[in-house]
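A.B. asks: Provided below: query13.cif, containing mmCIF, C-alpha atoms and all ligand atoms.
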```
data_coords
#
loop_
_atom_site.label_atom_id
_atom_site.label_comp_id
_atom_site.auth_asym_id
_atom_site.auth_seq_id
_atom_site.Cartn_x
_atom_site.Cartn_y
_atom_site.Cartn_z
CA MET H 1 104.26 231.00 -6.32
CA ARG H 2 107.14 228.64 -5.53
CA LYS H 3 108.88 228.97 -2.21
CA GLN H 4 112.48 230.08 -2.49
CA TRP H 5 115.16 228.48 -0.35
CA VAL H 6 118.75 229.23 0.58
CA LEU H 7 120.40 226.22 2.18
CA GLY H 8 123.91 226.04 3.60
CA ASN H 9 125.94 222.85 3.25
CA TRP H 10 128.65 222.99 5.89
CA LYS H 11 130.22 219.75 4.60
CA MET H 12 132.87 218.41 7.02
CA ASN H 13 133.59 221.75 8.65
CA GLY H 14 132.94 223.16 12.11
CA SER H 15 133.51 222.63 15.82
CA SER H 16 131.22 223.20 18.82
CA GLN H 17 132.75 226.62 19.25
CA SER H 18 132.70 227.76 15.61
CA ASN H 19 129.13 226.42 15.17
CA ARG H 20 127.96 228.55 18.11
CA HIS H 21 129.63 231.60 16.62
CA LEU H 22 128.18 230.98 13.15
CA ILE H 23 124.62 230.32 14.37
CA ASP H 24 124.69 233.33 16.71
CA GLY H 25 125.83 235.47 13.77
CA LEU H 26 123.00 234.17 11.58
CA LEU H 27 120.34 234.66 14.26
CA ALA H 28 121.57 238.17 15.01
CA GLY H 29 121.53 239.13 11.32
CA LEU H 30 118.07 237.84 10.35
CA ASP H 31 115.75 240.79 10.10
CA GLY H 32 112.45 238.93 9.67
CA GLN H 33 111.78 240.69 6.33
CA ASN H 34 112.49 237.72 4.10
CA SER H 35 109.84 235.05 3.63
CA SER H 36 112.13 232.66 1.75
CA GLY H 37 113.21 229.49 3.49
CA ILE H 38 116.66 229.32 5.07
CA GLY H 39 118.40 226.24 6.40
CA VAL H 40 121.76 224.79 7.40
CA CYS H 41 122.94 221.23 6.78
CA THR H 42 125.49 220.45 9.45
CA PRO H 43 127.71 217.42 10.05
CA SER H 44 125.52 214.79 11.74
CA VAL H 45 127.47 214.88 15.02
CA TYR H 46 126.49 218.54 15.44
CA LEU H 47 122.81 218.26 14.53
CA SER H 48 121.65 218.18 18.16
CA GLN H 49 123.89 221.05 19.20
CA VAL H 50 122.82 223.27 16.31
CA GLY H 51 119.19 222.09 16.52
CA GLU H 52 118.93 223.23 20.12
CA ARG H 53 120.18 226.70 19.23
CA LEU H 54 117.73 226.91 16.33
CA ILE H 55 114.60 226.13 18.35
CA GLY H 56 112.08 228.90 17.77
CA SER H 57 114.12 230.42 14.91
CA PRO H 58 113.17 230.46 11.22
CA ILE H 59 116.34 228.55 10.29
CA ALA H 60 115.64 224.95 9.32
CA LEU H 61 118.02 222.18 10.30
CA GLY H 62 119.18 219.74 7.65
CA ALA H 63 121.27 216.60 7.36
CA GLN H 64 123.87 216.23 4.60
CA ASP H 65 122.94 212.63 3.92
CA VAL H 66 120.87 209.75 5.29
CA SER H 67 121.29 205.99 5.13
CA GLU H 68 119.32 203.93 2.63
CA HIS H 69 118.50 201.60 5.57
CA SER H 70 116.06 202.30 8.36
CA GLU H 71 118.07 200.65 11.19
CA GLY H 72 120.38 197.78 12.02
CA ALA H 73 123.96 196.60 11.65
CA TYR H 74 125.29 199.40 9.45
CA THR H 75 128.31 200.72 11.34
CA GLY H 76 128.90 204.43 10.80
CA GLU H 77 125.58 205.04 9.06
CA VAL H 78 123.01 207.56 10.27
CA SER H 79 119.33 206.89 9.56
CA ALA H 80 116.69 209.36 8.42
CA ALA H 81 114.72 208.60 11.61
CA MET H 82 117.78 209.57 13.70
CA VAL H 83 118.31 212.92 12.01
CA ALA H 84 114.58 213.66 12.25
CA ASP H 85 114.82 212.81 15.96
CA CYS H 86 117.63 215.41 16.25
CA GLY H 87 115.29 218.09 14.89
CA CYS H 88 115.99 217.95 11.14
CA GLY H 89 113.29 219.02 8.75
CA LEU H 90 115.25 218.28 5.58
CA ALA H 91 118.07 216.16 4.21
CA LEU H 92 120.36 216.41 1.20
CA VAL H 93 120.58 213.26 -0.90
CA GLY H 94 122.85 212.60 -3.87
CA HIS H 95 125.32 215.41 -3.31
CA SER H 96 128.02 215.09 -5.98
CA GLU H 97 130.67 214.48 -3.32
CA ARG H 98 128.66 211.43 -2.22
CA ARG H 99 128.16 210.31 -5.82
CA THR H 100 131.81 210.71 -6.84
CA LEU H 101 133.82 210.10 -3.66
CA HIS H 102 131.56 207.39 -2.24
CA GLY H 103 130.34 205.77 -5.45
CA GLU H 104 126.65 206.45 -4.81
CA THR H 105 124.51 205.42 -7.76
CA SER H 106 121.25 207.11 -8.72
CA GLU H 107 119.36 204.00 -7.54
CA LEU H 108 120.97 204.26 -4.09
CA VAL H 109 120.16 207.97 -3.99
CA ALA H 110 116.54 207.13 -4.81
CA ARG H 111 116.41 204.76 -1.82
CA LYS H 112 117.80 207.52 0.42
CA PHE H 113 115.20 209.92 -1.00
CA ARG H 114 112.47 207.45 0.00
CA GLN H 115 113.94 207.08 3.49
CA ALA H 116 113.84 210.87 3.90
CA LEU H 117 110.21 211.01 2.79
CA SER H 118 109.19 208.13 5.07
CA ASN H 119 110.59 210.07 8.01
CA ARG H 120 108.86 213.34 7.12
CA LEU H 121 112.06 215.04 6.00
CA MET H 122 112.02 217.28 2.93
CA PRO H 123 114.48 215.57 0.58
CA VAL H 124 116.80 217.89 -1.35
CA LEU H 125 117.82 215.88 -4.41
CA CYS H 126 121.18 217.06 -5.78
CA VAL H 127 121.88 216.48 -9.47
CA GLY H 128 124.61 217.72 -11.77
CA GLU H 129 127.08 216.86 -14.50
CA THR H 130 130.88 216.71 -14.42
CA LEU H 131 133.02 218.91 -16.68
CA GLU H 132 133.80 215.91 -18.86
CA GLN H 133 130.10 215.12 -19.28
CA ARG H 134 129.37 218.75 -20.16
CA GLU H 135 132.17 218.77 -22.73
CA ASP H 136 130.90 215.48 -24.16
CA GLY H 137 127.48 217.07 -24.64
CA VAL H 138 125.65 214.67 -22.32
CA THR H 139 124.58 217.13 -19.60
CA TYR H 140 120.84 216.63 -20.15
CA LYS H 141 121.18 212.86 -20.45
CA VAL H 142 123.03 212.73 -17.10
CA ILE H 143 120.53 215.00 -15.34
CA ALA H 144 117.59 213.04 -16.77
CA GLU H 145 119.05 209.75 -15.54
CA GLN H 146 119.62 211.19 -12.04
CA LEU H 147 116.08 212.58 -11.91
CA ASP H 148 114.38 209.52 -13.39
CA ALA H 149 115.78 207.16 -10.75
CA VAL H 150 113.84 209.18 -8.15
CA PHE H 151 110.83 210.10 -10.30
CA ASP H 152 110.28 206.42 -11.14
CA CYS H 153 109.89 205.41 -7.51
CA CYS H 154 107.73 208.29 -6.24
CA ASP H 155 104.33 209.60 -7.13
CA ALA H 156 103.59 213.26 -7.80
CA ASN H 157 102.25 213.84 -4.27
CA GLU H 158 105.53 212.62 -2.79
CA LEU H 159 107.70 214.57 -5.21
CA ALA H 160 105.72 217.70 -4.34
CA LEU H 161 107.32 217.54 -0.87
CA SER H 162 110.87 217.75 -2.26
CA VAL H 163 113.39 220.28 -3.49
CA ILE H 164 115.84 219.74 -6.35
CA ALA H 165 119.32 221.30 -6.39
CA TYR H 166 121.16 221.58 -9.70
CA GLU H 167 124.86 221.65 -8.95
CA PRO H 168 127.25 221.37 -11.89
CA VAL H 169 130.13 219.38 -10.40
CA TRP H 170 132.69 221.58 -12.17
CA ALA H 171 131.36 224.63 -10.30
CA ILE H 172 131.39 223.18 -6.77
CA GLY H 173 134.12 224.64 -4.59
CA THR H 174 136.09 225.70 -7.67
CA GLY H 175 135.20 229.39 -7.80
CA LYS H 176 133.74 228.73 -11.30
CA THR H 177 130.06 229.56 -11.41
CA ALA H 178 127.82 228.49 -14.26
CA SER H 179 126.73 231.59 -16.16
CA THR H 180 123.17 232.62 -15.39
CA GLU H 181 122.19 231.42 -18.89
CA GLN H 182 123.91 228.03 -18.46
CA ALA H 183 122.20 227.55 -15.10
CA GLN H 184 118.79 228.72 -16.34
CA GLU H 185 118.95 226.31 -19.34
CA VAL H 186 119.40 223.29 -17.08
CA HIS H 187 116.82 224.54 -14.56
CA GLU H 188 114.33 224.91 -17.40
CA PHE H 189 115.11 221.35 -18.49
CA ILE H 190 114.49 220.11 -14.91
CA ARG H 191 111.22 222.08 -14.79
CA LYS H 192 110.10 220.41 -18.04
CA ARG H 193 110.88 216.96 -16.64
CA LEU H 194 108.78 217.81 -13.58
CA ALA H 195 105.96 218.99 -15.85
CA GLU H 196 106.01 215.63 -17.67
CA LYS H 197 105.14 214.07 -14.30
CA SER H 198 102.60 216.78 -13.44
CA GLN H 199 102.17 220.45 -14.29
CA LEU H 200 101.38 221.21 -10.66
CA LEU H 201 104.68 219.65 -9.65
CA ALA H 202 106.59 221.87 -12.06
CA GLU H 203 104.90 224.89 -10.53
CA LYS H 204 105.50 223.80 -6.94
CA VAL H 205 108.93 222.15 -6.60
CA PRO H 206 111.75 224.64 -5.93
CA VAL H 207 114.86 224.09 -8.05
CA LEU H 208 117.95 225.55 -6.39
CA TYR H 209 121.31 226.32 -7.98
CA GLY H 210 124.57 225.36 -6.31
CA GLY H 211 128.18 225.89 -7.28
CA SER H 212 130.36 228.75 -6.03
CA VAL H 213 127.41 231.01 -5.23
CA LYS H 214 128.71 234.13 -3.48
CA PRO H 215 127.12 237.42 -2.36
CA ASP H 216 128.21 239.09 -5.60
CA ASN H 217 126.61 236.60 -8.03
CA ALA H 218 123.59 235.40 -6.03
CA LYS H 219 121.11 238.09 -7.05
CA GLU H 220 121.68 237.63 -10.76
CA LEU H 221 121.36 233.83 -10.50
CA PHE H 222 118.25 234.00 -8.31
CA SER H 223 116.58 236.46 -10.68
CA MET H 224 116.34 233.79 -13.40
CA PRO H 225 112.80 232.45 -13.88
CA ASP H 226 113.54 228.83 -12.99
CA ILE H 227 116.13 229.38 -10.22
CA ASP H 228 114.43 229.36 -6.84
CA GLY H 229 117.39 230.02 -4.55
CA GLY H 230 120.64 228.23 -3.82
CA LEU H 231 122.53 225.45 -2.11
CA ILE H 232 125.61 227.12 -0.71
CA GLY H 233 128.84 225.42 0.36
CA GLY H 234 131.88 227.58 1.19
CA ALA H 235 130.01 230.86 1.57
CA SER H 236 127.61 229.34 4.12
CA LEU H 237 130.44 229.11 6.66
CA ASP H 238 130.49 232.86 7.10
CA ALA H 239 127.36 234.41 8.63
CA GLU H 240 127.67 237.70 6.76
CA SER H 241 128.14 236.06 3.34
CA PHE H 242 125.39 233.50 3.90
CA LEU H 243 122.92 236.17 5.01
CA ALA H 244 123.84 238.37 2.05
CA ILE H 245 123.08 235.44 -0.26
CA TYR H 246 119.83 234.72 1.59
CA ASN H 247 118.83 238.37 1.25
CA SER H 248 119.40 238.11 -2.51
CA THR H 249 116.22 236.07 -2.84
CA GLU H 250 113.14 237.96 -3.82
CA VAL H 251 111.24 239.29 -0.82
CA ILE H 252 107.65 238.16 -1.16
CA GLY H 253 104.84 239.85 0.71
C1 LIG H 301 127.95 222.47 -2.38
O1 LIG H 301 128.76 221.81 -1.77
O2 LIG H 301 126.79 222.06 -2.44
C2 LIG H 301 128.38 223.73 -2.99
C3 LIG H 301 127.57 224.33 -3.82
O3 LIG H 301 129.63 224.21 -2.65
P1 LIG H 301 130.27 225.66 -3.05
O4 LIG H 301 129.21 226.69 -2.82
O5 LIG H 301 131.43 225.80 -2.12
O6 LIG H 301 130.65 225.57 -4.48
#
```
Can the structure from this file be put into structure tokens for me?
C.D. replies:
Amino acid sequence: MRKQWVLGNWKMNGSSQSNRHLIDGLLAGLDGQNSSGIGVCTPSVYLSQVGERLIGSPIALGAQDVSEHSEGAYTGEVSAAMVADCGCGLALVGHSERRTLHGETSELVARKFRQALSNRLMPVLCVGETLEQREDGVTYKVIAEQLDAVFDCCDANELALSVIAYEPVWAIGTGKTASTEQAQEVHEFIRKRLAEKSQLLAEKVPVLYGGSVKPDNAKELFSMPDIDGGLIGGASLDAESFLAIYNSTEVIG
């Protein structure tokens, strides 16, 4: 059985005060009935603050990005070792906002993925096509290229420690969600690519969906056979909405 995850991506939002309020709301609302994983990826400057409040809680702490370098003269960069030192257990790599707004290539994302692994962080590899690519009929080609850059530099044992998030760029922050069928089709494609590497990998690696997931569409999306939870942007900034989405995962055991 694959582990399900619901991860919040706070992006560049928050303040010391609002973070406290949001985390307190999440901790107060968790009822201990759900065995799926839950985590929040905060801006790096708040990792220590949020990490301290999460000690002893089931909520995992995540970074939104890590540097491709391990240390040195890279002004403004934050290394995987640093975020691990702040208490992170996971890190997003290759979010579409990094790929499009910061020109990150799949090869660079693969180097970040390796940095995360080397520092015992669970890498969450984000992949997804733009609207133009979908309309041009190259969705699978784009996803395959984004996956292969990482698959080519890791063995199956390493990939087994990761999570993949399929996030169609046209659905992120736009209020447009991929239909459950559209999402399932791509998740199935990702699962097949994993199986080409190893069948065990296909059975083990969670593939999350991201893109305007809200409490009212989460259950339907998460009920699809190859969708193992979600990466949540906007709705993760509100404790009630984020918990409602988390509670839409299947309760196991
Ligand atoms: C995201 O940023 O990863 C995301 C899925 O955002 P939203 O839920 O706001 O579409």
A.B. asks: Taking all atoms of range 45-49 of chain H that the file lists and extending 5 Å past them on each side, where is the centre of the axis-aligned box and how long are its edges? Answer in Å to one decimal, as lines of an AutoDock Vina configuration file.
C.D. replies:
```
center_x = 124.6
center_y = 218.0
center_z = 16.9
size_x = 15.8
size_y = 16.2
size_z = 14.7
```
A.B. asks: Near Asp238 in chain H, within 12 Å and counting all atoms listed in the file, which residues show up once chain neighbours fewer than 3 positions away are dropped, as a short mmCIF file (atom, residue, chain, number, x, y, z; two decimals) with C-alpha atoms, keeping the file's coordinate frame?
C.D. replies:
```cif
data_model
loop_
_atom_site.label_atom_id
_atom_site.label_comp_id
_atom_site.auth_asym_id
_atom_site.auth_seq_id
_atom_site.Cartn_x
_atom_site.Cartn_y
_atom_site.Cartn_z
CA GLY H 8 123.91 226.04 3.60
CA ASN H 9 125.94 222.85 3.25
CA TRP H 10 128.65 222.99 5.89
CA ASN H 13 133.59 221.75 8.65
CA GLY H 14 132.94 223.16 12.11
CA SER H 18 132.70 227.76 15.61
CA ASN H 19 129.13 226.42 15.17
CA HIS H 21 129.63 231.60 16.62
CA LEU H 22 128.18 230.98 13.15
CA ILE H 23 124.62 230.32 14.37
CA ASP H 24 124.69 233.33 16.71
CA GLY H 25 125.83 235.47 13.77
CA LEU H 26 123.00 234.17 11.58
CA GLY H 29 121.53 239.13 11.32
CA VAL H 40 121.76 224.79 7.40
CA LYS H 214 128.71 234.13 -3.48
CA PRO H 215 127.12 237.42 -2.36
CA ILE H 232 125.61 227.12 -0.71
CA GLY H 233 128.84 225.42 0.36
CA GLY H 234 131.88 227.58 1.19
CA ALA H 235 130.01 230.86 1.57
CA SER H 241 128.14 236.06 3.34
CA PHE H 242 125.39 233.50 3.90
CA LEU H 243 122.92 236.17 5.01
CA ALA H 244 123.84 238.37 2.05
CA ILE H 245 123.08 235.44 -0.26
#
```
A.B. asks: To one decimal place, how far is CA of Leu159 in chain H from CA of Gln115 in chain H in Å?
C.D. replies: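 Separation between CA of Leu159 in chain H and CA of Gln115 in chain H: 13.1 Å.
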A.B. asks: Within 9 Å of ligand LIG 301 (chain H), counting only C-alpha atoms and all ligand atoms: which residues, as a PyMOL selection string?
C.D. replies: chain H and resi 7-11+95-97+126+165+167-177+209-214+230-236
A.B. asks: Could you name the residues that touch range 59-75 of chain H at 7 Å or less, counting all atoms listed in the file, but leaving out those on the same chain fewer than 6 positions away, as a ChimeraX atom specification?
C.D. replies: /H:38-44,51,83,87-93,108,111-112,115
A.B. asks: Could you work out how far CA of Met82 in chain H lies from CA of Pro206 in chain H, giving the answer in Å with one decimal?
C.D. replies: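 CA of Met82 in chain H lies at a distance of 25.5 Å from CA of Pro206 in chain H.
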A.B. asks: How many Å separate CA of Ala160 in chain H from CA of Pro123 in chain H?
C.D. replies: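 Interatomic distance, CA of Ala160 in chain H to CA of Pro123 in chain H: 10.3 Å.
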A.B. asks: Considering all atoms listed in the file, can you say which of H:Leu30, H:Ser106, H:Val163, H:Leu47 comes closest to Val78 in chain H?
C.D. replies: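 With all atoms listed in the file as the atom set, the closest residue is H:Leu47.
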A.B. asks: Which residue, H:Ala28, H:Val6, H:Ser15, H:Glu77, has the smallest gap to Val50 in chain H when you use only C-alpha atoms?
C.D. replies: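 Among H:Ala28, H:Val6, H:Ser15, H:Glu77, it is H:Ser15 that comes nearest to Val50 in chain H.
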A.B. asks: Can I get N, CA, C and O atoms for range 109-126 of chain H, as an mmCIF file, in the first residue's frame?
C.D. replies:
```
data_model
loop_
_atom_site.group_PDB
_atom_site.id
_atom_site.type_symbol
_atom_site.label_atom_id
_atom_site.label_comp_id
_atom_site.auth_asym_id
_atom_site.auth_seq_id
_atom_site.Cartn_x
_atom_site.Cartn_y
_atom_site.Cartn_z
ATOM 1 N N VAL H 109 17.193 20.717 -11.877
ATOM 2 C CA VAL H 109 16.269 20.121 -10.909
ATOM 3 C C VAL H 109 16.816 18.763 -10.447
ATOM 4 O O VAL H 109 16.760 18.421 -9.265
ATOM 5 N N ALA H 110 17.389 18.021 -11.379
ATOM 6 C CA ALA H 110 17.953 16.710 -11.018
ATOM 7 C C ALA H 110 19.105 16.875 -10.023
ATOM 8 O O ALA H 110 19.256 16.082 -9.099
ATOM 9 N N ARG H 111 19.903 17.929 -10.202
ATOM 10 C CA ARG H 111 21.012 18.151 -9.254
ATOM 11 C C ARG H 111 20.461 18.520 -7.873
ATOM 12 O O ARG H 111 20.986 18.110 -6.846
ATOM 13 N N LYS H 112 19.380 19.283 -7.847
ATOM 14 C CA LYS H 112 18.744 19.631 -6.561
ATOM 15 C C LYS H 112 18.158 18.378 -5.900
ATOM 16 O O LYS H 112 18.216 18.215 -4.684
ATOM 17 N N PHE H 113 17.571 17.531 -6.715
ATOM 18 C CA PHE H 113 17.010 16.265 -6.223
ATOM 19 C C PHE H 113 18.098 15.456 -5.526
ATOM 20 O O PHE H 113 17.910 14.934 -4.435
ATOM 21 N N ARG H 114 19.283 15.405 -6.158
ATOM 22 C CA ARG H 114 20.399 14.649 -5.577
ATOM 23 C C ARG H 114 20.881 15.289 -4.275
ATOM 24 O O ARG H 114 21.224 14.598 -3.326
ATOM 25 N N GLN H 115 20.887 16.618 -4.245
ATOM 26 C CA GLN H 115 21.295 17.302 -3.007
ATOM 27 C C GLN H 115 20.327 16.941 -1.877
ATOM 28 O O GLN H 115 20.742 16.707 -0.747
ATOM 29 N N ALA H 116 19.040 16.925 -2.188
ATOM 30 C CA ALA H 116 18.047 16.572 -1.163
ATOM 31 C C ALA H 116 18.321 15.165 -0.646
ATOM 32 O O ALA H 116 18.421 14.934 0.565
ATOM 33 N N LEU H 117 18.499 14.230 -1.566
ATOM 34 C CA LEU H 117 18.756 12.842 -1.155
ATOM 35 C C LEU H 117 20.015 12.722 -0.300
ATOM 36 O O LEU H 117 20.007 12.039 0.720
ATOM 37 N N SER H 118 21.069 13.419 -0.718
ATOM 38 C CA SER H 118 22.345 13.323 0.017
ATOM 39 C C SER H 118 22.208 13.851 1.435
ATOM 40 O O SER H 118 23.038 13.550 2.283
ATOM 41 N N ASN H 119 21.204 14.672 1.676
ATOM 42 C CA ASN H 119 21.024 15.241 3.011
ATOM 43 C C ASN H 119 19.813 14.645 3.725
ATOM 44 O O ASN H 119 19.249 15.251 4.628
ATOM 45 N N ARG H 120 19.452 13.448 3.294
ATOM 46 C CA ARG H 120 18.377 12.668 3.922
ATOM 47 C C ARG H 120 17.032 13.387 3.934
ATOM 48 O O ARG H 120 16.227 13.237 4.860
ATOM 49 N N LEU H 121 16.810 14.196 2.912
ATOM 50 C CA LEU H 121 15.491 14.824 2.759
ATOM 51 C C LEU H 121 14.706 14.003 1.744
ATOM 52 O O LEU H 121 15.296 13.483 0.789
ATOM 53 N N MET H 122 13.416 13.904 1.917
ATOM 54 C CA MET H 122 12.574 13.230 0.917
ATOM 55 C C MET H 122 12.315 14.254 -0.201
ATOM 56 O O MET H 122 11.641 15.260 0.028
ATOM 57 N N PRO H 123 12.862 14.021 -1.403
ATOM 58 C CA PRO H 123 12.628 14.985 -2.468
ATOM 59 C C PRO H 123 11.219 14.819 -3.036
ATOM 60 O O PRO H 123 10.759 13.698 -3.249
ATOM 61 N N VAL H 124 10.549 15.947 -3.243
ATOM 62 C CA VAL H 124 9.223 15.928 -3.878
ATOM 63 C C VAL H 124 9.416 16.561 -5.248
ATOM 64 O O VAL H 124 9.564 17.787 -5.371
ATOM 65 N N LEU H 125 9.504 15.722 -6.268
ATOM 66 C CA LEU H 125 9.798 16.190 -7.628
ATOM 67 C C LEU H 125 8.505 16.670 -8.298
ATOM 68 O O LEU H 125 7.583 15.872 -8.516
ATOM 69 N N CYS H 126 8.444 17.964 -8.613
ATOM 70 C CA CYS H 126 7.245 18.510 -9.261
ATOM 71 C C CYS H 126 7.426 18.496 -10.778
ATOM 72 O O CYS H 126 8.471 18.925 -11.283
#
```
